[in-house]
Amino acid sequence: MFDVTRYAVAADAIVQAGRFLYQQGWSPATSSNYSARIDAEHIAITVSGRHKGQLGAGDVMVVDLAGRPVQSDCRSSAETRLHTVLYEVFPEVGAVLHTHSVKATVLSRLLEPGQPLALEGYELQKAFTGVETHESVLTVPVFDNTQDIDALAEHTREWFREHPEQPGYLIRGHGLYTWGKTMADCLRHVEAFEFLFECELETMRVRP
Ligand SMILES: CSC[C@@H](O)[C@@H](O)C(=O)COP(=O)(O)O
Ligand SMILES: [Zn+2]
């Protein structure tokens, strides 16, 4: 069982994140899903299909790390397994955000299949936890989109094992997944990615 107070804190962080991300235009039309860790075995996560700018207490539920609902008759996010695999692999992860911004969607479609996004030389790379210099290379893989979320979750699990330091990935034509120790870290990562995606797109525009 989970602690109700810890659940309430996690759910509130998700609701607040949804308001911010929707206002930024990064979670349109019921897209996106968000989660926050409650304890070693449980996370709070958005209910599937809910409007992310208008989340309330009834739009967040608890699942275990196998993605099974706990004390809820609701259906959790269709992409629940993409969240739980992160909490399984990284015990320090406290929050996961998935967004559907225009820039993430367009940029992921412009990269060649098999080509990751390599971010290098940007001071803002230091917004990511553990990055100390703009001289590092942040490699963001682009997974092909699929409706087989279990298969994609296993694919990401393999990738995390080989790249434990990277803070996010793109799904082609779909959006961004990023994570952090706290919801504040995770929101900072979304903002940093959005800034860097815009820089990459602008660079392609002026220097095709
Ligand atoms: C509104 S289409 C987007 C969905 O297919 C999905 O990618 C998504 O991000 C939201 O799914 P959800 O089941 O609400 O968590
Ligand atoms: Zn999505």
# chains A, B, ... in the order shown; residues from 1 in each chain; ligands from 1

$ closest_atom_pairs --of "chain A" --to "ligand 2" --cutoff "9 Å" --atoms "only C-alpha atoms and all ligand atoms" --output "CSV"
residue,atom,partner,partner_atom_place_in_ligand_line,distance
A:Ser27,CA,ligand 2,1 (Zn),8.9
A:Ser31,CA,ligand 2,1 (Zn),5.6
A:Ser32,CA,ligand 2,1 (Zn),4.8
A:Asn33,CA,ligand 2,1 (Zn),6.9
A:Ala78,CA,ligand 2,1 (Zn),8.5
A:Glu79,CA,ligand 2,1 (Zn),7.2
A:His98,CA,ligand 2,1 (Zn),6.6
A:Thr99,CA,ligand 2,1 (Zn),6.7
A:His100,CA,ligand 2,1 (Zn),6.3
A:Ile171,CA,ligand 2,1 (Zn),8.6
A:His174,CA,ligand 2,1 (Zn),6.0
A:Gly175,CA,ligand 2,1 (Zn),6.2
A:Leu176,CA,ligand 2,1 (Zn),8.1
A:Tyr177,CA,ligand 2,1 (Zn),8.8

$ residues_near_ligand --ligand "ligand 1" --cutoff "12 Å" --atoms "only C-alpha atoms and all ligand atoms" --output "JSON, numbers by chain"
{"A": [26, 27, 28, 29, 30, 31, 32, 33, 34, 35, 45, 46, 47, 48, 49, 50, 51, 52, 55, 59, 60, 61, 74, 75, 76, 77, 78, 79, 80, 81, 82, 83, 97, 98, 99, 100, 101, 105, 145, 146, 147, 148, 149, 170, 171, 172, 173, 174, 175, 176, 177]}

$ write_last_selection --atoms "N, CA and C atoms" --output "compact mmCIF listing (two decimals), in the first residue's frame"
# COMPACT_ATOMS: atom_id res chain seq x y z
N TRP A 26 2.75 22.89 -25.00
CA TRP A 26 3.54 21.67 -25.16
C TRP A 26 2.74 20.40 -24.88
N SER A 27 1.46 20.55 -24.52
CA SER A 27 0.61 19.39 -24.21
C SER A 27 -0.80 19.60 -24.77
N PRO A 28 -0.92 19.80 -26.10
CA PRO A 28 -2.25 20.14 -26.66
C PRO A 28 -3.19 18.94 -26.75
N ALA A 29 -4.49 19.27 -26.76
CA ALA A 29 -5.52 18.31 -27.22
C ALA A 29 -5.51 16.96 -26.49
N THR A 30 -5.36 16.99 -25.19
CA THR A 30 -5.32 15.80 -24.30
C THR A 30 -4.05 14.97 -24.44
N SER A 31 -3.13 15.40 -25.30
CA SER A 31 -1.87 14.65 -25.42
C SER A 31 -1.05 14.81 -24.14
N SER A 32 0.00 14.01 -24.05
CA SER A 32 0.99 14.06 -22.96
C SER A 32 0.56 13.19 -21.78
N ASN A 33 1.51 12.84 -20.96
CA ASN A 33 1.25 12.14 -19.70
C ASN A 33 2.38 12.45 -18.74
N TYR A 34 2.02 12.46 -17.46
CA TYR A 34 2.97 12.89 -16.42
C TYR A 34 2.89 11.91 -15.25
N SER A 35 4.00 11.74 -14.56
CA SER A 35 3.99 10.90 -13.38
C SER A 35 4.97 11.41 -12.34
N ILE A 45 0.16 8.84 -11.65
CA ILE A 45 0.25 9.07 -13.10
C ILE A 45 -1.09 9.57 -13.60
N THR A 46 -1.07 10.29 -14.71
CA THR A 46 -2.31 10.82 -15.26
C THR A 46 -3.21 9.70 -15.80
N VAL A 47 -4.51 9.90 -15.62
CA VAL A 47 -5.52 9.01 -16.20
C VAL A 47 -5.52 9.24 -17.71
N SER A 48 -5.73 8.18 -18.48
CA SER A 48 -5.68 8.29 -19.95
C SER A 48 -6.75 9.24 -20.49
N GLY A 49 -6.34 10.06 -21.45
CA GLY A 49 -7.30 10.86 -22.22
C GLY A 49 -7.73 12.16 -21.57
N ARG A 50 -7.17 12.51 -20.44
CA ARG A 50 -7.62 13.74 -19.76
C ARG A 50 -6.94 14.99 -20.33
N HIS A 51 -7.63 16.10 -20.22
CA HIS A 51 -7.10 17.39 -20.68
C HIS A 51 -6.02 17.83 -19.70
N LYS A 52 -4.79 18.04 -20.21
CA LYS A 52 -3.68 18.23 -19.28
C LYS A 52 -3.61 19.66 -18.71
N LEU A 55 -6.29 19.49 -15.28
CA LEU A 55 -6.23 18.31 -14.40
C LEU A 55 -6.72 18.67 -13.00
N ASP A 59 -8.07 13.15 -11.94
CA ASP A 59 -7.38 12.87 -13.20
C ASP A 59 -6.00 12.26 -12.99
N VAL A 60 -5.71 11.95 -11.73
CA VAL A 60 -4.43 11.33 -11.38
C VAL A 60 -4.75 10.07 -10.58
N MET A 61 -4.00 9.00 -10.81
CA MET A 61 -4.26 7.72 -10.14
C MET A 61 -2.92 7.08 -9.77
N CYS A 74 -9.91 3.51 -12.78
CA CYS A 74 -9.59 4.28 -13.99
C CYS A 74 -8.55 3.55 -14.82
N ARG A 75 -8.42 4.01 -16.08
CA ARG A 75 -7.39 3.46 -16.98
C ARG A 75 -6.24 4.47 -16.99
N SER A 76 -5.09 4.01 -16.59
CA SER A 76 -3.93 4.91 -16.57
C SER A 76 -3.48 5.20 -18.00
N SER A 77 -2.63 6.19 -18.14
CA SER A 77 -2.09 6.58 -19.45
C SER A 77 -1.78 5.36 -20.32
N ALA A 78 -2.09 5.49 -21.60
CA ALA A 78 -1.77 4.40 -22.54
C ALA A 78 -0.27 4.15 -22.59
N GLU A 79 0.50 5.15 -22.14
CA GLU A 79 1.97 5.04 -22.20
C GLU A 79 2.58 4.79 -20.81
N THR A 80 1.77 4.24 -19.91
CA THR A 80 2.23 3.99 -18.54
C THR A 80 3.55 3.23 -18.50
N ARG A 81 3.72 2.23 -19.38
CA ARG A 81 4.94 1.42 -19.32
C ARG A 81 6.20 2.22 -19.66
N LEU A 82 6.04 3.30 -20.45
CA LEU A 82 7.20 4.15 -20.75
C LEU A 82 7.64 4.90 -19.49
N HIS A 83 6.70 5.10 -18.57
CA HIS A 83 7.04 5.73 -17.29
C HIS A 83 7.62 4.70 -16.32
N LEU A 97 8.06 13.32 -17.38
CA LEU A 97 7.12 14.14 -18.16
C LEU A 97 7.22 13.78 -19.63
N HIS A 98 6.06 13.61 -20.25
CA HIS A 98 5.99 13.37 -21.69
C HIS A 98 5.18 14.50 -22.29
N THR A 99 5.74 15.18 -23.30
CA THR A 99 5.08 16.32 -23.92
C THR A 99 5.02 16.16 -25.43
N HIS A 100 4.16 16.95 -26.07
CA HIS A 100 3.89 16.87 -27.51
C HIS A 100 4.05 18.24 -28.14
N SER A 101 5.18 18.88 -28.00
CA SER A 101 5.32 20.22 -28.56
C SER A 101 5.48 20.17 -30.08
N THR A 105 8.05 17.60 -32.17
CA THR A 105 7.42 16.78 -33.21
C THR A 105 8.10 17.01 -34.56
N ASN A 145 8.04 5.90 -33.88
CA ASN A 145 6.75 5.84 -33.19
C ASN A 145 6.10 4.48 -33.41
N THR A 146 5.32 4.06 -32.46
CA THR A 146 4.63 2.77 -32.54
C THR A 146 3.45 2.80 -31.58
N GLN A 147 2.45 1.98 -31.87
CA GLN A 147 1.35 1.83 -30.90
C GLN A 147 1.63 0.65 -29.97
N ASP A 148 2.74 -0.05 -30.20
CA ASP A 148 3.12 -1.17 -29.33
C ASP A 148 4.00 -0.62 -28.20
N ILE A 149 3.34 -0.10 -27.18
CA ILE A 149 4.06 0.59 -26.11
C ILE A 149 4.92 -0.37 -25.29
N LEU A 170 13.38 11.29 -27.81
CA LEU A 170 12.27 11.69 -28.68
C LEU A 170 11.63 10.46 -29.28
N ILE A 171 10.35 10.56 -29.58
CA ILE A 171 9.67 9.54 -30.40
C ILE A 171 9.26 10.27 -31.67
N ARG A 172 9.62 9.69 -32.81
CA ARG A 172 9.47 10.39 -34.10
C ARG A 172 8.00 10.78 -34.37
N GLY A 173 7.81 12.04 -34.66
CA GLY A 173 6.47 12.53 -34.99
C GLY A 173 5.52 12.50 -33.80
N HIS A 174 6.05 12.35 -32.62
CA HIS A 174 5.21 12.12 -31.44
C HIS A 174 5.56 13.09 -30.31
N GLY A 175 6.75 13.00 -29.74
CA GLY A 175 7.07 13.93 -28.67
C GLY A 175 8.29 13.55 -27.87
N LEU A 176 8.38 14.17 -26.71
CA LEU A 176 9.55 14.08 -25.83
C LEU A 176 9.23 13.32 -24.55
N TYR A 177 10.17 12.50 -24.09
CA TYR A 177 10.14 11.97 -22.72
C TYR A 177 11.37 12.47 -22.01

$ residues_around --residues "Glu92 of chain A" --least-positions-apart "3" --cutoff "9 Å" --atoms "only C-alpha atoms" --output "number ranges by chain"
A: 87, 180-181

$ write_last_selection --atoms "C-alpha atoms" --output "compact mmCIF listing (two decimals), in the first residue's frame"
# COMPACT_ATOMS: atom_id res chain seq x y z
CA TYR A 87 11.32 4.22 -12.32
CA GLY A 180 14.47 13.96 -13.17
CA LYS A 181 15.00 13.49 -9.48

$ closest_residue --among "A:Val15, A:Val140, A:Val9, A:Val89" --to "Ala40 of chain A" --atoms "only C-alpha atoms"
A:Val89

$ select_by_dssp --residues "segment 8-170 of chain A" --states "helix (DSSP H, G or I)" --output "PyMOL selection string"
chain A and resi 8-23+57-59+80-89+102-110+123-127+149-162

$ closest_residue --among "A:Leu124, A:Val85, A:Ala95, A:Val102" --to "Ala151 of chain A" --atoms "only C-alpha atoms"
A:Val85

$ select_by_dssp --residues "segment 152-204 of chain A" --states "strand (DSSP E)" --output "VMD selection string"
chain A and resid 168 to 171 175 to 180

$ closest_residue --among "A:Val190, A:Val131, A:Leu196, A:Val96" --to "Ala118 of chain A" --atoms "only C-alpha atoms"
A:Leu196

$ residues_around --residues "segment 127-130 of chain A" --least-positions-apart "5" --cutoff "7 Å" --atoms "only C-alpha atoms" --output "list of chain:residue names"
A:Arg188, A:His189, A:Ala192

$ write_last_selection --atoms "N, CA and C atoms" --output "short mmCIF file (atom, residue, chain, number, x, y, z; two decimals), in the first residue's frame"
data_model
loop_
_atom_site.label_atom_id
_atom_site.label_comp_id
_atom_site.auth_asym_id
_atom_site.auth_seq_id
_atom_site.Cartn_x
_atom_site.Cartn_y
_atom_site.Cartn_z
N ARG A 188 12.46 21.66 -15.54
CA ARG A 188 13.62 22.38 -16.09
C ARG A 188 14.15 21.67 -17.32
N HIS A 189 14.15 20.34 -17.29
CA HIS A 189 14.61 19.58 -18.45
C HIS A 189 13.70 19.81 -19.66
N ALA A 192 14.53 23.21 -21.02
CA ALA A 192 15.84 23.22 -21.68
C ALA A 192 15.75 22.53 -23.04
#

$ residues_around --residues "Leu201 of chain A" --least-positions-apart "4" --cutoff "8 Å" --atoms "only C-alpha atoms" --output "ChimeraX atom specification"
/A:103,107,197,205

$ write_last_selection --atoms "C-alpha atoms" --output "PDB file, in the first residue's frame"
ATOM      1  CA  LYS A 103       9.204  21.723 -32.050  1.00  0.00           C
ATOM      2  CA  LEU A 107      12.531  18.157 -35.278  1.00  0.00           C
ATOM      3  CA  PHE A 197      14.983  22.137 -30.117  1.00  0.00           C
ATOM      4  CA  ARG A 205      16.398  27.333 -41.216  1.00  0.00           C
TER       5      ARG A 205
END

$ residues_around --residues "Leu119 of chain A" --least-positions-apart "3" --cutoff "7 Å" --atoms "only C-alpha atoms" --output "list in words"
Val137, Leu138 and Thr139 of chain A

$ write_last_selection --atoms "N, CA and C atoms" --output "compact mmCIF listing (two decimals), in the first residue's frame"
# COMPACT_ATOMS: atom_id res chain seq x y z
N VAL A 137 28.65 16.51 -25.18
CA VAL A 137 27.66 16.20 -26.23
C VAL A 137 26.48 15.50 -25.58
N LEU A 138 25.31 16.07 -25.81
CA LEU A 138 24.08 15.46 -25.28
C LEU A 138 23.43 14.71 -26.44
N THR A 139 23.38 13.41 -26.34
CA THR A 139 22.84 12.60 -27.44
C THR A 139 21.41 12.20 -27.10

$ atom_distance --atom1 "atom CA of Thr182 of chain A" --atom2 "atom CA of Phe2 of chain A"
18.5 Å

$ closest_residue --among "A:Val63, A:Val70, A:Leu21, A:Leu111" --to "Arg37 of chain A" --atoms "only C-alpha atoms"
A:Val63

$ atom_distance --atom1 "atom CA of Gly67 of chain A" --atom2 "atom CA of Thr84 of chain A"
6.6 Å

$ residues_around --residues "Met183 of chain A" --least-positions-apart "4" --cutoff "7 Å" --atoms "only C-alpha atoms" --output "list in words"
Ala13, Gly94, Ala95 and Leu187 of chain A

$ decode --residues "segment 84-151 of chain A" --atoms "C-alpha atoms" --output "PDB file, in the first residue's frame"
ATOM      1  CA  THR A  84       7.329   2.654 -15.075  1.00  0.00           C
ATOM      2  CA  VAL A  85      10.380   1.353 -16.928  1.00  0.00           C
ATOM      3  CA  LEU A  86      12.209   4.587 -16.007  1.00  0.00           C
ATOM      4  CA  TYR A  87      11.316   4.216 -12.317  1.00  0.00           C
ATOM      5  CA  GLU A  88      12.412   0.569 -12.453  1.00  0.00           C
ATOM      6  CA  VAL A  89      15.777   1.239 -14.074  1.00  0.00           C
ATOM      7  CA  PHE A  90      16.636   4.438 -12.161  1.00  0.00           C
ATOM      8  CA  PRO A  91      15.771   4.313  -8.444  1.00  0.00           C
ATOM      9  CA  GLU A  92      16.652   8.014  -8.125  1.00  0.00           C
ATOM     10  CA  VAL A  93      14.078   9.152 -10.709  1.00  0.00           C
ATOM     11  CA  GLY A  94      11.228  11.012  -9.007  1.00  0.00           C
ATOM     12  CA  ALA A  95       9.259  12.388 -11.952  1.00  0.00           C
ATOM     13  CA  VAL A  96       8.697  11.729 -15.660  1.00  0.00           C
ATOM     14  CA  LEU A  97       7.117  14.141 -18.156  1.00  0.00           C
ATOM     15  CA  HIS A  98       5.989  13.369 -21.691  1.00  0.00           C
ATOM     16  CA  THR A  99       5.076  16.325 -23.918  1.00  0.00           C
ATOM     17  CA  HIS A 100       3.895  16.867 -27.510  1.00  0.00           C
ATOM     18  CA  SER A 101       5.319  20.224 -28.558  1.00  0.00           C
ATOM     19  CA  VAL A 102       5.402  21.377 -32.185  1.00  0.00           C
ATOM     20  CA  LYS A 103       9.204  21.723 -32.050  1.00  0.00           C
ATOM     21  CA  ALA A 104       9.825  18.233 -30.647  1.00  0.00           C
ATOM     22  CA  THR A 105       7.425  16.781 -33.206  1.00  0.00           C
ATOM     23  CA  VAL A 106       8.885  18.602 -36.236  1.00  0.00           C
ATOM     24  CA  LEU A 107      12.531  18.157 -35.278  1.00  0.00           C
ATOM     25  CA  SER A 108      12.089  14.426 -34.652  1.00  0.00           C
ATOM     26  CA  ARG A 109      10.664  14.081 -38.185  1.00  0.00           C
ATOM     27  CA  LEU A 110      13.571  15.933 -39.781  1.00  0.00           C
ATOM     28  CA  LEU A 111      16.245  13.621 -38.394  1.00  0.00           C
ATOM     29  CA  GLU A 112      17.186  10.639 -40.555  1.00  0.00           C
ATOM     30  CA  PRO A 113      16.130   7.195 -39.259  1.00  0.00           C
ATOM     31  CA  GLY A 114      18.838   5.960 -36.890  1.00  0.00           C
ATOM     32  CA  GLN A 115      20.274   9.455 -36.476  1.00  0.00           C
ATOM     33  CA  PRO A 116      20.162  10.754 -32.897  1.00  0.00           C
ATOM     34  CA  LEU A 117      19.933  14.435 -32.095  1.00  0.00           C
ATOM     35  CA  ALA A 118      23.424  15.534 -30.986  1.00  0.00           C
ATOM     36  CA  LEU A 119      23.364  18.724 -28.925  1.00  0.00           C
ATOM     37  CA  GLU A 120      26.782  20.310 -28.503  1.00  0.00           C
ATOM     38  CA  GLY A 121      28.175  23.765 -27.776  1.00  0.00           C
ATOM     39  CA  TYR A 122      25.097  25.186 -26.042  1.00  0.00           C
ATOM     40  CA  GLU A 123      25.540  26.811 -22.642  1.00  0.00           C
ATOM     41  CA  LEU A 124      21.972  25.745 -21.806  1.00  0.00           C
ATOM     42  CA  GLN A 125      23.041  22.085 -21.828  1.00  0.00           C
ATOM     43  CA  LYS A 126      24.104  22.845 -18.260  1.00  0.00           C
ATOM     44  CA  ALA A 127      20.409  22.970 -17.295  1.00  0.00           C
ATOM     45  CA  PHE A 128      20.526  19.168 -17.358  1.00  0.00           C
ATOM     46  CA  THR A 129      21.463  17.505 -14.103  1.00  0.00           C
ATOM     47  CA  GLY A 130      25.112  16.470 -14.108  1.00  0.00           C
ATOM     48  CA  VAL A 131      26.170  18.485 -17.188  1.00  0.00           C
ATOM     49  CA  GLU A 132      29.035  20.835 -16.285  1.00  0.00           C
ATOM     50  CA  THR A 133      30.099  22.293 -19.628  1.00  0.00           C
ATOM     51  CA  HIS A 134      28.823  23.292 -23.058  1.00  0.00           C
ATOM     52  CA  GLU A 135      31.688  21.222 -24.485  1.00  0.00           C
ATOM     53  CA  SER A 136      29.892  17.966 -23.680  1.00  0.00           C
ATOM     54  CA  VAL A 137      27.663  16.198 -26.230  1.00  0.00           C
ATOM     55  CA  LEU A 138      24.080  15.462 -25.280  1.00  0.00           C
ATOM     56  CA  THR A 139      22.839  12.603 -27.437  1.00  0.00           C
ATOM     57  CA  VAL A 140      19.068  12.360 -27.685  1.00  0.00           C
ATOM     58  CA  PRO A 141      17.908   9.183 -29.419  1.00  0.00           C
ATOM     59  CA  VAL A 142      14.865   9.218 -31.676  1.00  0.00           C
ATOM     60  CA  PHE A 143      12.789   6.070 -31.421  1.00  0.00           C
ATOM     61  CA  ASP A 144      10.339   5.271 -34.184  1.00  0.00           C
ATOM     62  CA  ASN A 145       6.745   5.844 -33.186  1.00  0.00           C
ATOM     63  CA  THR A 146       4.629   2.770 -32.540  1.00  0.00           C
ATOM     64  CA  GLN A 147       1.353   1.830 -30.903  1.00  0.00           C
ATOM     65  CA  ASP A 148       3.123  -1.172 -29.330  1.00  0.00           C
ATOM     66  CA  ILE A 149       4.059   0.595 -26.111  1.00  0.00           C
ATOM     67  CA  ASP A 150       5.274  -2.553 -24.352  1.00  0.00           C
ATOM     68  CA  ALA A 151       7.798  -3.151 -27.152  1.00  0.00           C
TER      69      ALA A 151
END
